[in-house]
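Chemist: Data file protein_31.cif (mmCIF, C-alpha atoms) is appended below.
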data_upload
#
loop_
_atom_site.label_atom_id
_atom_site.label_comp_id
_atom_site.auth_asym_id
_atom_site.auth_seq_id
_atom_site.Cartn_x
_atom_site.Cartn_y
_atom_site.Cartn_z
CA MET A 28 41.07 -19.03 14.74
CA ASN A 29 38.54 -17.89 12.08
CA ILE A 30 40.86 -18.75 9.21
CA ILE A 31 41.28 -22.23 10.73
CA PHE A 32 37.48 -22.66 10.74
CA ILE A 33 37.27 -21.65 7.07
CA LYS A 34 40.10 -24.01 6.08
CA THR A 35 38.46 -26.83 8.05
CA PHE A 36 35.11 -26.08 6.37
CA PHE A 37 36.57 -26.43 2.86
CA ARG A 38 38.53 -29.55 3.80
CA SER A 39 35.40 -31.16 5.27
CA PHE A 40 34.08 -31.65 1.71
CA PHE A 41 36.72 -34.39 1.37
CA LEU A 42 35.60 -36.27 4.48
CA GLU A 43 34.67 -39.40 2.54
CA CYS A 44 37.36 -39.16 -0.12
CA LEU A 45 38.94 -42.51 0.80
CA TRP A 46 36.11 -44.31 2.57
CA ASN A 47 37.26 -47.81 3.52
CA TYR A 48 35.82 -50.73 5.45
CA GLU A 49 38.66 -50.80 7.98
CA ARG A 50 38.58 -47.25 9.41
CA MET A 51 35.88 -45.67 7.21
CA GLN A 52 36.28 -41.84 7.10
CA ASN A 53 39.65 -41.74 8.86
CA VAL A 54 41.65 -40.28 5.95
CA GLY A 55 39.10 -37.50 5.41
CA PHE A 56 38.91 -36.73 9.12
CA ALA A 57 42.69 -36.50 9.54
CA PHE A 58 42.87 -34.31 6.40
CA THR A 59 40.11 -32.02 7.73
CA ILE A 60 41.63 -31.52 11.18
CA ILE A 61 45.20 -30.82 9.97
CA PRO A 62 44.87 -26.96 9.88
CA CYS A 63 43.75 -26.96 13.53
CA LEU A 64 46.55 -29.32 14.59
CA LYS A 65 49.14 -27.24 12.73
CA HIS A 66 47.86 -24.15 14.54
CA LEU A 67 48.14 -25.86 17.94
CA TYR A 68 51.41 -27.77 17.56
CA LYS A 69 54.49 -26.07 16.20
CA ASP A 70 56.71 -29.06 17.02
CA ARG A 71 56.77 -31.38 13.97
CA LEU A 72 57.10 -34.55 16.02
CA LYS A 73 54.14 -33.70 18.20
CA LEU A 74 52.14 -32.64 15.13
CA ALA A 75 52.81 -35.96 13.37
CA GLU A 76 51.86 -37.85 16.55
CA ARG A 77 48.52 -36.02 16.79
CA ILE A 78 47.72 -36.48 13.08
CA LYS A 79 48.38 -40.22 13.47
CA ALA A 80 46.18 -40.27 16.57
CA HIS A 81 43.31 -38.93 14.43
CA PHE A 82 43.99 -41.51 11.71
CA GLY A 83 41.97 -44.13 13.60
CA PHE A 84 38.40 -45.29 13.01
CA PHE A 85 35.86 -42.55 12.35
CA ASN A 86 32.41 -42.70 10.82
CA THR A 87 29.45 -40.38 10.93
CA HIS A 88 27.10 -38.40 8.70
CA PRO A 89 29.19 -36.26 6.29
CA TYR A 90 27.20 -33.02 6.84
CA LEU A 91 26.72 -33.30 10.58
CA ALA A 92 30.34 -34.41 11.02
CA SER A 93 31.16 -30.69 11.27
CA PHE A 94 29.66 -30.60 14.79
CA LEU A 95 31.97 -33.39 15.83
CA ILE A 96 34.96 -31.82 14.06
CA GLY A 97 34.33 -28.56 15.99
CA MET A 98 34.12 -30.47 19.27
CA VAL A 99 37.32 -32.37 18.57
CA MET A 100 39.05 -29.06 17.72
CA LYS A 101 38.03 -27.66 21.11
CA LYS A 102 39.13 -30.79 22.96
CA GLU A 103 42.41 -30.83 21.05
CA GLU A 104 43.00 -27.23 22.13
CA GLU A 105 42.38 -28.23 25.77
CA TYR A 106 44.73 -31.19 25.36
CA SER A 107 47.48 -28.96 23.93
CA LYS A 108 47.21 -26.84 27.09
CA GLY A 109 47.43 -29.93 29.28
CA LEU A 110 43.89 -29.60 30.65
CA ILE A 111 42.74 -33.07 29.54
CA ASP A 112 44.39 -36.30 28.39
CA SER A 113 44.47 -37.74 24.86
CA GLN A 114 41.82 -40.38 25.59
CA GLU A 115 39.31 -37.64 26.38
CA VAL A 116 39.74 -36.29 22.82
CA MET A 117 39.30 -39.71 21.19
CA LYS A 118 36.34 -40.59 23.40
CA ILE A 119 34.28 -37.79 21.79
CA LYS A 120 34.83 -39.28 18.32
CA THR A 121 33.83 -42.81 19.26
CA MET A 122 30.97 -41.84 21.58
CA LEU A 123 29.19 -39.30 19.36
CA GLY A 124 29.97 -40.59 15.85
CA GLY A 125 27.15 -43.15 15.88
CA PRO A 126 24.37 -40.96 17.37
CA ILE A 127 25.21 -38.05 15.04
CA ALA A 128 25.18 -40.43 12.05
CA ALA A 129 21.73 -41.68 13.09
CA ILE A 130 20.40 -38.11 13.37
CA GLY A 131 21.92 -37.20 10.00
CA ASP A 132 20.50 -40.25 8.23
CA ARG A 133 17.03 -39.49 9.57
CA LEU A 134 17.08 -35.70 9.23
CA ILE A 135 19.09 -35.19 6.04
CA TRP A 136 19.12 -38.35 3.90
CA SER A 137 15.64 -39.67 4.55
CA THR A 138 13.78 -36.39 5.17
CA TRP A 139 15.39 -33.17 3.89
CA ARG A 140 16.80 -34.67 0.68
CA VAL A 141 13.61 -36.58 -0.04
CA PHE A 142 11.51 -33.49 0.73
CA CYS A 143 13.49 -31.34 -1.73
CA GLU A 144 13.29 -34.02 -4.42
CA MET A 145 9.55 -34.42 -3.91
CA LEU A 146 9.10 -30.65 -4.12
CA VAL A 147 10.90 -30.49 -7.46
CA ILE A 148 9.16 -33.54 -8.93
CA SER A 149 5.78 -32.33 -7.69
CA PHE A 150 6.47 -29.02 -9.46
CA LEU A 151 7.25 -30.94 -12.67
CA PHE A 152 4.09 -33.05 -12.34
CA LEU A 153 1.99 -29.88 -12.30
CA PHE A 154 2.78 -29.58 -16.02
CA GLY A 155 1.08 -32.93 -16.66
CA LYS A 156 2.31 -35.94 -18.59
CA ASP A 157 4.39 -33.80 -20.97
CA PHE A 158 6.22 -32.03 -18.15
CA TYR A 159 9.59 -32.73 -19.76
CA LEU A 160 8.59 -30.68 -22.78
CA LYS A 161 6.98 -27.80 -20.90
CA ALA A 162 9.09 -27.22 -17.79
CA ASN A 163 12.22 -25.05 -17.73
CA VAL A 164 14.96 -27.60 -16.99
CA PHE A 165 17.60 -25.04 -16.06
CA PHE A 166 15.31 -23.41 -13.50
CA VAL A 167 14.26 -26.75 -11.99
CA VAL A 168 17.81 -28.05 -11.56
CA LEU A 169 19.13 -24.75 -10.24
CA PHE A 170 16.23 -24.41 -7.79
CA PHE A 171 16.81 -27.92 -6.45
CA LEU A 172 20.56 -27.43 -5.96
CA LEU A 173 20.23 -23.99 -4.34
CA PHE A 174 17.29 -24.89 -2.12
CA TYR A 175 18.84 -28.14 -0.94
CA ASN A 176 22.37 -26.88 -0.36
CA LEU A 177 21.68 -23.41 1.02
CA ILE A 178 19.21 -24.63 3.65
CA GLY A 179 20.03 -28.22 4.51
CA HIS A 180 23.68 -28.71 3.61
CA LEU A 181 26.15 -25.81 3.71
CA PRO A 182 24.84 -24.23 6.97
CA PHE A 183 25.33 -27.57 8.75
CA ARG A 184 28.83 -27.90 7.39
CA PHE A 185 29.89 -24.31 8.13
CA PHE A 186 28.11 -23.38 11.36
CA GLY A 187 28.41 -26.94 12.68
CA ILE A 188 32.13 -26.37 13.23
CA TYR A 189 31.48 -23.14 15.21
CA PHE A 190 28.64 -24.75 17.15
CA GLY A 191 30.65 -27.85 18.04
CA TYR A 192 33.66 -25.74 19.04
CA ASN A 193 31.72 -23.27 21.20
CA TYR A 194 29.34 -25.75 22.85
CA SER A 195 31.52 -28.86 23.00
CA ASN A 196 30.50 -29.65 26.58
CA GLU A 197 26.77 -28.93 26.32
CA PHE A 198 26.35 -30.26 22.78
CA ILE A 199 23.83 -33.01 23.60
CA GLN A 200 21.66 -30.71 25.75
CA LYS A 201 21.62 -28.05 23.01
CA LEU A 202 20.78 -30.63 20.36
CA ALA A 203 17.89 -32.03 22.41
CA LYS A 204 16.20 -28.59 22.38
CA PHE A 205 15.85 -28.63 18.58
CA GLU A 206 12.94 -31.12 18.52
CA LEU A 207 14.29 -32.96 15.51
CA GLN A 208 11.46 -35.49 15.40
CA LYS A 209 8.89 -32.70 15.11
CA THR A 210 10.80 -31.18 12.18
CA VAL A 211 10.99 -34.59 10.49
CA ASP A 212 7.24 -35.19 10.97
CA ILE A 213 6.28 -31.75 9.60
CA LEU A 214 8.48 -32.11 6.50
CA ARG A 215 7.16 -35.62 5.85
CA SER A 216 3.52 -34.51 6.15
CA ILE A 217 4.03 -31.54 3.81
CA GLY A 218 5.90 -33.77 1.34
CA THR A 219 3.14 -36.38 1.31
CA VAL A 220 0.38 -33.80 0.68
CA ILE A 221 2.34 -32.05 -2.08
CA LEU A 222 3.18 -35.33 -3.83
CA LEU A 223 -0.43 -36.57 -3.64
CA PHE A 224 -1.76 -33.30 -5.04
CA SER A 225 0.72 -33.14 -7.93
CA SER A 226 0.25 -36.85 -8.72
CA PHE A 227 -3.48 -36.21 -9.00
CA ILE A 228 -2.85 -33.41 -11.52
CA TYR A 229 -0.39 -35.63 -13.41
CA SER A 230 -2.90 -38.49 -13.54
CA VAL A 231 -5.62 -36.16 -14.86
CA SER A 232 -3.37 -35.43 -17.84
CA LEU A 233 -3.39 -39.16 -18.62
CA VAL A 234 -7.18 -39.19 -19.18
CA LYS A 235 -6.77 -38.88 -22.95
CA ASN A 236 -4.51 -41.95 -23.01
CA LYS A 237 -6.95 -43.87 -20.77
CA LEU A 238 -4.14 -44.57 -18.33
CA VAL A 239 -5.52 -42.90 -15.16
CA PHE A 240 -6.78 -46.12 -13.66
CA ILE A 241 -3.53 -47.95 -14.45
CA PHE A 242 -1.53 -45.07 -12.94
CA TRP A 243 -3.29 -45.23 -9.56
CA LEU A 244 -3.32 -49.03 -9.61
CA ASN A 245 0.47 -48.92 -9.98
CA VAL A 246 0.76 -46.40 -7.14
CA LEU A 247 -1.19 -48.70 -4.84
CA LEU A 248 0.65 -51.82 -5.98
CA SER A 249 4.05 -50.17 -5.47
CA MET A 250 3.05 -48.99 -1.98
CA LEU A 251 1.92 -52.47 -1.00
CA LEU A 252 4.99 -54.19 -2.43
CA SER A 253 7.31 -51.66 -0.75
CA LYS A 254 6.27 -53.08 2.61
CA ARG A 255 7.87 -56.41 1.74
CA TYR A 256 10.48 -55.88 -0.96
CA ALA A 257 13.39 -53.58 -1.75
CA GLU A 258 12.70 -50.70 -4.16
CA ILE A 259 14.52 -52.28 -7.11
CA ILE A 260 12.57 -55.54 -6.74
CA VAL A 261 9.33 -53.53 -6.54
CA PHE A 262 10.26 -51.76 -9.76
CA TYR A 263 10.95 -54.96 -11.69
CA ILE A 264 7.79 -56.72 -10.41
CA VAL A 265 5.55 -53.77 -11.31
CA ILE A 266 7.19 -53.15 -14.69
CA VAL A 267 6.88 -56.82 -15.72
CA LEU A 268 3.21 -56.90 -14.61
CA ASN A 269 2.53 -53.72 -16.58
CA PHE A 270 4.30 -55.10 -19.63
CA LEU A 271 2.11 -58.21 -19.58
CA LEU A 272 -1.01 -56.11 -19.00
CA PHE A 273 -0.17 -53.84 -21.94
CA VAL A 274 0.69 -56.76 -24.25
CA ILE A 275 -2.67 -58.36 -23.48
CA PHE A 276 -4.82 -55.25 -23.79
CA ILE A 277 -3.12 -53.05 -26.41
CA MET Y 24 33.88 -43.49 -34.54
CA ILE Y 25 31.63 -40.57 -33.55
CA LEU Y 26 29.67 -42.94 -31.30
CA SER Y 27 32.89 -44.13 -29.58
CA LEU Y 28 34.00 -40.53 -29.02
CA ASN Y 29 30.57 -39.75 -27.58
CA PHE Y 30 30.86 -42.70 -25.21
CA LEU Y 31 34.32 -41.56 -24.14
CA PHE Y 32 33.12 -38.00 -23.58
CA ILE Y 33 30.09 -39.14 -21.53
CA ALA Y 34 32.28 -41.52 -19.50
CA LEU Y 35 34.73 -38.69 -18.67
CA ILE Y 36 31.91 -36.34 -17.62
CA SER Y 37 30.18 -39.14 -15.68
CA GLY Y 38 33.40 -39.69 -13.74
CA ILE Y 39 33.25 -36.07 -12.53
CA ILE Y 40 29.55 -36.32 -11.67
CA HIS Y 41 30.17 -39.54 -9.74
CA LEU Y 42 32.73 -37.83 -7.48
CA ASP Y 43 29.78 -36.00 -5.91
CA THR Y 44 28.22 -39.21 -4.59
CA LEU Y 45 30.98 -39.82 -2.04
CA VAL Y 46 34.40 -38.40 -2.75
CA PHE Y 47 33.75 -34.66 -2.84
CA GLY Y 48 31.02 -32.52 -1.37
CA GLN Y 49 27.75 -34.41 -1.83
CA PHE Y 50 26.05 -31.37 -3.33
CA MET Y 51 23.51 -33.72 -4.97
CA ILE Y 52 24.80 -33.05 -8.49
CA SER Y 53 24.86 -36.83 -8.86
CA ARG Y 54 21.11 -37.21 -8.13
CA PRO Y 55 19.07 -38.36 -11.16
CA ILE Y 56 17.04 -35.13 -11.31
CA VAL Y 57 20.29 -33.15 -11.79
CA CYS Y 58 22.58 -35.51 -13.72
CA GLY Y 59 19.70 -36.67 -15.99
CA PRO Y 60 19.25 -33.27 -17.70
CA ILE Y 61 23.04 -32.72 -17.80
CA ILE Y 62 23.74 -36.00 -19.63
CA GLY Y 63 20.61 -35.52 -21.75
CA TYR Y 64 21.88 -32.09 -22.79
CA LEU Y 65 25.30 -33.49 -23.68
CA LEU Y 66 23.68 -36.18 -25.82
CA GLY Y 67 21.39 -33.65 -27.49
CA SER Y 68 18.16 -34.84 -25.86
CA VAL Y 69 17.60 -32.73 -22.79
CA ASN Y 70 13.86 -33.57 -22.67
CA GLU Y 71 14.55 -37.30 -22.39
CA GLY Y 72 17.14 -36.48 -19.76
CA ILE Y 73 14.70 -34.66 -17.53
CA LEU Y 74 11.95 -37.27 -18.03
CA LEU Y 75 14.23 -40.17 -17.12
CA GLY Y 76 15.87 -38.12 -14.36
CA ALA Y 77 12.48 -37.45 -12.75
CA ILE Y 78 11.35 -41.08 -13.08
CA LEU Y 79 14.58 -42.47 -11.62
CA GLU Y 80 14.62 -39.84 -8.89
CA LEU Y 81 11.26 -41.14 -7.71
CA LEU Y 82 12.37 -44.76 -7.94
CA TYR Y 83 15.50 -44.09 -5.88
CA ILE Y 84 13.90 -41.56 -3.53
CA SER Y 85 13.86 -43.80 -0.48
CA ILE Y 86 17.17 -45.58 -1.07
CA ILE Y 87 19.64 -44.08 1.39
CA PRO Y 88 23.18 -45.06 2.43
CA VAL Y 89 22.61 -45.91 6.10
CA GLY Y 90 25.79 -46.84 8.01
CA ILE Y 91 27.99 -49.13 5.94
CA LYS Y 92 25.14 -50.22 3.64
CA ILE Y 93 25.91 -49.31 0.04
CA PRO Y 94 22.73 -48.91 -2.01
CA PRO Y 95 22.36 -49.48 -5.79
CA ASP Y 96 23.80 -46.51 -7.63
CA SER Y 97 21.21 -44.02 -8.89
CA THR Y 98 23.72 -42.00 -10.92
CA ALA Y 99 24.92 -44.97 -12.97
CA ALA Y 100 21.30 -46.08 -13.44
CA THR Y 101 20.32 -42.63 -14.76
CA ILE Y 102 23.26 -42.18 -17.12
CA PHE Y 103 22.91 -45.69 -18.55
CA SER Y 104 19.15 -45.26 -18.92
CA ILE Y 105 19.67 -42.13 -21.00
CA VAL Y 106 22.45 -43.62 -23.13
CA CYS Y 107 20.45 -46.81 -23.71
CA SER Y 108 17.30 -44.83 -24.54
CA LYS Y 109 19.30 -42.78 -27.02
CA LEU Y 110 20.68 -45.94 -28.68
CA THR Y 111 17.41 -47.86 -28.82
CA GLY Y 112 14.88 -45.05 -29.01
CA CYS Y 113 12.91 -46.70 -26.22
CA LEU Y 114 12.73 -44.91 -22.87
CA SER Y 115 11.27 -47.62 -20.65
CA LEU Y 116 13.76 -50.20 -21.95
CA GLY Y 117 16.50 -47.72 -21.05
CA VAL Y 118 15.19 -47.50 -17.47
CA PHE Y 119 14.87 -51.29 -17.30
CA LEU Y 120 18.53 -51.83 -18.25
CA GLY Y 121 19.82 -48.72 -16.46
CA ILE Y 122 18.53 -49.91 -13.10
CA PHE Y 123 20.29 -53.22 -13.61
CA VAL Y 124 23.59 -51.40 -14.29
CA GLY Y 125 23.07 -49.30 -11.12
CA TRP Y 126 22.83 -52.55 -9.20
CA VAL Y 127 26.03 -53.92 -10.79
CA TYR Y 128 27.88 -50.65 -10.07
CA LYS Y 129 27.15 -51.12 -6.37
CA TYR Y 130 29.41 -54.19 -6.30
CA VAL Y 131 32.21 -52.39 -8.14
CA ASP Y 132 31.93 -49.67 -5.49
CA ILE Y 133 32.08 -52.22 -2.67
CA PHE Y 134 35.22 -53.75 -4.23
CA LEU Y 135 37.00 -50.41 -4.47
CA ARG Y 136 36.07 -49.43 -0.91
CA SER Y 137 37.51 -52.73 0.32
CA ALA Y 138 40.67 -52.12 -1.71
CA ASN Y 139 41.03 -48.65 -0.13
CA SER Y 140 41.99 -50.28 3.19
CA ILE Y 141 45.25 -51.55 1.69
CA VAL Y 142 46.83 -48.10 1.36
CA LEU Y 143 46.19 -47.07 4.99
CA SER Y 144 49.40 -48.73 6.22
CA TRP Y 145 51.30 -46.21 4.09
CA VAL Y 146 50.52 -43.53 6.67
CA ASP Y 147 50.87 -45.86 9.68
CA SER Y 148 54.45 -46.65 8.71
CA ALA Y 149 55.37 -43.08 7.71
CA LYS Y 150 58.20 -41.16 9.37
CA PRO Y 151 56.95 -38.09 11.31
CA TYR Y 152 57.95 -35.54 8.66
CA LEU Y 153 56.05 -37.52 5.98
CA VAL Y 154 52.71 -38.06 7.74
CA GLU Y 155 50.97 -34.90 6.56
CA ARG Y 156 52.23 -35.22 3.01
CA ARG Y 157 51.09 -38.85 2.79
CA ILE Y 158 47.61 -37.98 4.03
CA ASN Y 159 47.39 -35.29 1.33
CA LEU Y 160 48.51 -37.85 -1.24
CA LEU Y 161 45.91 -40.34 -0.02
CA VAL Y 162 43.21 -37.72 -0.58
CA ILE Y 163 44.44 -37.26 -4.16
CA TYR Y 164 44.62 -41.04 -4.56
CA GLY Y 165 41.01 -41.34 -3.37
CA ILE Y 166 39.81 -38.81 -5.95
CA VAL Y 167 41.82 -40.23 -8.85
CA SER Y 168 41.05 -43.91 -8.13
CA SER Y 169 37.34 -43.19 -7.78
CA TYR Y 170 37.32 -41.19 -11.03
CA LEU Y 171 39.22 -43.87 -12.98
CA LYS Y 172 37.00 -46.64 -11.58
CA THR Y 173 33.90 -44.86 -12.87
CA VAL Y 174 35.34 -44.00 -16.28
CA LEU Y 175 36.57 -47.58 -16.86
CA PHE Y 176 33.26 -49.03 -15.70
CA TYR Y 177 31.34 -46.81 -18.11
CA LEU Y 178 33.66 -47.55 -21.02
CA LEU Y 179 33.26 -51.28 -20.40
CA PHE Y 180 29.51 -51.27 -19.91
CA PHE Y 181 28.42 -48.77 -22.60
CA PRO Y 182 29.00 -51.26 -25.46
CA ILE Y 183 27.59 -54.22 -23.49
CA ILE Y 184 24.38 -52.47 -22.49
CA GLY Y 185 24.10 -50.87 -25.92
CA PHE Y 186 24.33 -54.29 -27.56
CA PHE Y 187 21.74 -55.79 -25.19
CA GLY Y 188 19.42 -52.82 -25.61
CA ILE Y 189 19.49 -52.96 -29.41
CA THR Y 190 19.06 -56.77 -29.43
CA ILE Y 191 16.08 -56.65 -27.05
CA CYS Y 192 14.57 -53.82 -29.06
CA LYS Y 193 14.83 -55.84 -32.29
CA PHE Y 194 13.34 -58.87 -30.57
CA PHE Y 195 10.40 -56.90 -29.25
CA THR Y 196 9.86 -54.68 -32.31
CA LYS Y 197 6.14 -55.21 -32.13
CA SER Y 198 6.14 -54.26 -28.48
CA ASN Y 199 7.66 -50.81 -29.02
CA LEU Y 200 4.22 -49.27 -28.55
CA VAL Y 201 3.95 -51.09 -25.22
CA PHE Y 202 7.37 -49.89 -24.12
CA ASN Y 203 6.52 -46.29 -25.00
CA SER Y 204 3.15 -46.40 -23.20
CA LEU Y 205 4.90 -47.70 -20.09
CA VAL Y 206 6.82 -44.43 -19.78
CA TYR Y 207 3.70 -42.59 -18.65
CA VAL Y 208 3.01 -45.04 -15.82
CA LEU Y 209 6.63 -45.42 -14.68
CA PRO Y 210 6.33 -42.36 -12.39
CA ALA Y 211 3.48 -44.19 -10.63
CA ILE Y 212 5.97 -46.72 -9.23
CA GLY Y 213 8.07 -43.86 -7.91
CA VAL Y 214 5.04 -42.10 -6.42
CA GLY Y 215 4.02 -45.35 -4.67
CA ILE Y 216 7.51 -45.92 -3.27
CA GLY Y 217 7.79 -42.24 -2.26
CA LEU Y 218 4.40 -42.22 -0.52
CA TYR Y 219 5.22 -45.42 1.33
CA HIS Y 220 8.57 -43.97 2.42
CA PHE Y 221 7.02 -40.74 3.75
CA THR Y 222 4.07 -42.38 5.50
CA GLU Y 223 5.94 -45.23 7.21
CA LYS Y 224 6.84 -44.66 10.84
#
Spell out the structure here as structure tokens.
Modeler:
Amino acid sequence: MNIIFIKTFFRSFFLECLWNYERMQNVGFAFTIIPCLKHLYKDRLKLAERIKAHFGFFNTHPYLASFLIGMVMKKEEEYSKGLIDSQEVMKIKTMLGGPIAAIGDRLIWSTWRVFCEMLVISFLFLFGKDFYLKANVFFVVLFFLLFYNLIGHLPFRFFGIYFGYNYSNEFIQKLAKFELQKTVDILRSIGTVILLFSSFIYSVSLVKNKLVFIFWLNVLLSMLLSKRYAEIIVFYIVIVLNFLLFVIFI
Amino acid sequence: MILSLNFLFIALISGIIHLDTLVFGQFMISRPIVCGPIIGYLLGSVNEGILLGAILELLYISIIPVGIKIPPDSTAATIFSIVCSKLTGCLSLGVFLGIFVGWVYKYVDIFLRSANSIVLSWVDSAKPYLVERRINLLVIYGIVSSYLKTVLFYLLFFPIIGFFGITICKFFTKSNLVFNSLVYVLPAIGVGIGLYHFTEK
């Protein structure tokens, strides 16, 4: 079974390869689960029937999808032995896809990814306003990619399949023990402190250009506008205001 | 001629980088902080690449693809910002136009994702011995169509944005000093957005 897990892991990178509005990640999911189905069903007709069964609607977070893939593999194994019916297998996909996507969006997209990006940018800001001339680009990019992927991406993808497969029935109870909200809060607090500290150092380097006050004014303005408007709108409002301010005073 | 070849080369590389956003892996190679220095290096201005990459990373830090919502594209915004900055010599103008292109790219992406639904019936109607093969082909189709979409988009928009950038730059020649001073405060917008994102409940 180990070789099946490895094949499934590599195929899971293509989960969103043909994302569509009708059935979303269905092509990627069917493609990912094929090695497991081929292992379970030697009859070609039955195999084709099961692949088509998994060609229906599926949508969740691409990293955390591995948990669900592992669970479906386990349920499919039980189905092949006649222990459960087909609906039981499909129920898992429809029932857990949404909750897992919500956890993934909160934990990975809006916390872990943002935390890693803030860490890297904060590091750059420590070099002051000329950070792009002083910092080692290769090191920064490599650090970001390794740190992000080795901690918050690949382990989820790889071990998620094992975890989902081995704990398919107690998945929710196991997940509840992880205290995800606490992890999110800690990462967000650390990120905020680091970004504030590095922004302060960056702004100090603007003293010579007499731009410190304008820098912090923009930070405040952007924070206030973010409450009401989308990020892109905030950017254009602030940039136009700055342009006018600079035209008047420079 | 050299400029056209450069555009073609950047479009081909950008197509590969763009695959990371959805089609393959999501290793974050397509994030501005990574693709900025890469494109900057290819255009011979790695410092501009990292500066614009860092600025755009902050601006797009809180934009996430929740559910079926497709956000403005940060990769297209970064690459166009760098190309436009290189053409006009003005970094903040590059960011200004690049972000607009990222917003346009979002709608191209939505169109292609809608079009993807059409090919699904190809598997539904397949005979049993063809099902697996057709799914494999759909995966290849997904990769190739996404790559071609990006390359064509870049080849179409490079000249348009380049023309606009150079025209605006000529129009605001006296304001070049203003544009260049803006670069130092641009990160402030990102810091503000980032702080709001991390402190909101």
Chemist: Which residues fall under the PyMOL selection byres ((chain Y and resi 188) around 12) in this file, as a compact mmCIF listing (two decimals) with C-alpha atoms, keeping the file's coordinate frame?
Modeler:
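After the write, selection26.txt holds the following:
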# COMPACT_ATOMS: atom_id res chain seq x y z
CA PHE Y 103 22.91 -45.69 -18.55
CA SER Y 104 19.15 -45.26 -18.92
CA ILE Y 105 19.67 -42.13 -21.00
CA VAL Y 106 22.45 -43.62 -23.13
CA CYS Y 107 20.45 -46.81 -23.71
CA SER Y 108 17.30 -44.83 -24.54
CA LYS Y 109 19.30 -42.78 -27.02
CA LEU Y 110 20.68 -45.94 -28.68
CA THR Y 111 17.41 -47.86 -28.82
CA GLY Y 112 14.88 -45.05 -29.01
CA CYS Y 113 12.91 -46.70 -26.22
CA LEU Y 114 12.73 -44.91 -22.87
CA SER Y 115 11.27 -47.62 -20.65
CA LEU Y 116 13.76 -50.20 -21.95
CA GLY Y 117 16.50 -47.72 -21.05
CA VAL Y 118 15.19 -47.50 -17.47
CA PHE Y 119 14.87 -51.29 -17.30
CA LEU Y 120 18.53 -51.83 -18.25
CA GLY Y 121 19.82 -48.72 -16.46
CA PHE Y 180 29.51 -51.27 -19.91
CA PHE Y 181 28.42 -48.77 -22.60
CA PRO Y 182 29.00 -51.26 -25.46
CA ILE Y 183 27.59 -54.22 -23.49
CA ILE Y 184 24.38 -52.47 -22.49
CA GLY Y 185 24.10 -50.87 -25.92
CA PHE Y 186 24.33 -54.29 -27.56
CA PHE Y 187 21.74 -55.79 -25.19
CA ILE Y 189 19.49 -52.96 -29.41
CA THR Y 190 19.06 -56.77 -29.43
CA ILE Y 191 16.08 -56.65 -27.05
CA CYS Y 192 14.57 -53.82 -29.06
CA LYS Y 193 14.83 -55.84 -32.29
CA PHE Y 194 13.34 -58.87 -30.57
CA PHE Y 195 10.40 -56.90 -29.25
CA THR Y 196 9.86 -54.68 -32.31
Chemist: Selection in question (the file shown): the PyMOL selection byres ((chain A and resi 142) around 9). Which residues does it include, as a PyMOL selection string?
Modeler: chain A and resi 137-141+143-147+214-215+217-219
Chemist: Pull out every residue that the PyMOL selection byres ((chain A and resi 76) around 12) matches in the shown coordinates and put them as a PyMOL selection string.
Modeler: (chain A and resi 57+61+64-65+68+70-75+77-82+113) or (chain Y and resi 146-147+149-155)
Chemist: Find the spatial neighbours of Cys63 in chain A, counting all atoms listed in the file, within a cut-off of 8 Å - ignore same-chain residues fewer than 2 positions away - and output them as a short mmCIF file (atom, residue, chain, number, x, y, z; two decimals) with C-alpha atoms, in the coordinates of the input.
Modeler:
data_model
loop_
_atom_site.label_atom_id
_atom_site.label_comp_id
_atom_site.auth_asym_id
_atom_site.auth_seq_id
_atom_site.Cartn_x
_atom_site.Cartn_y
_atom_site.Cartn_z
CA ILE A 31 41.28 -22.23 10.73
CA THR A 35 38.46 -26.83 8.05
CA ILE A 60 41.63 -31.52 11.18
CA ILE A 61 45.20 -30.82 9.97
CA LYS A 65 49.14 -27.24 12.73
CA HIS A 66 47.86 -24.15 14.54
CA LEU A 67 48.14 -25.86 17.94
CA MET A 100 39.05 -29.06 17.72
#
Chemist: Counting only C-alpha atoms, which residues of range 78-135 of chain Y fall within 10 Å of range 127-135 of chain A, and what is the closest atom pair for each with its distance in Å at one decimal, ordered by chain and rising number, as CSV?
Modeler:
residue,atom,partner,partner_atom,distance
Y:Ile87,CA,A:Asp132,CA,7.9
Y:Pro88,CA,A:Asp132,CA,8.0
Y:Val89,CA,A:Asp132,CA,6.4
Y:Gly90,CA,A:Ala128,CA,7.6
Chemist: Limited to C-alpha atoms, could you put the picked residues into a file as a PDB file, keeping the file's coordinate frame?
Modeler:
ATOM      1  CA  ILE Y  87      19.640 -44.080   1.390  1.00  0.00           C
ATOM      2  CA  PRO Y  88      23.180 -45.060   2.430  1.00  0.00           C
ATOM      3  CA  VAL Y  89      22.610 -45.910   6.100  1.00  0.00           C
ATOM      4  CA  GLY Y  90      25.790 -46.840   8.010  1.00  0.00           C
TER       5      GLY Y  90
END
Chemist: So what do you get for CA of Leu223 in chain A versus CA of Lys161 in chain A, distance-wise?
Modeler: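 We find that CA of Leu223 in chain A and CA of Lys161 in chain A lie 20.7 Å from each other.
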Chemist: Can you list, as a list in words, every protein, DNA or RNA residue that comes within 9 Å of Ile78 in chain Y when you count all atoms listed in the file, leaving out same-chain residues fewer than 6 positions away?
Modeler: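 So, after excluding close chain neighbours, the residues are Ile148 of chain A; Pro55, Ile56, Val118, Val206, Leu209, Pro210, Ala211, Ile212 and Gly213 of chain Y.
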Chemist: Compare A:Tyr256, A:Phe242, A:Phe36, A:Phe273 by their minimum atom-to-atom distance to Val208 in chain Y, counting all atoms listed in the file, and give me the closest one.
Modeler: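 Using all atoms listed in the file, Val208 in chain Y sits closest to A:Phe242.
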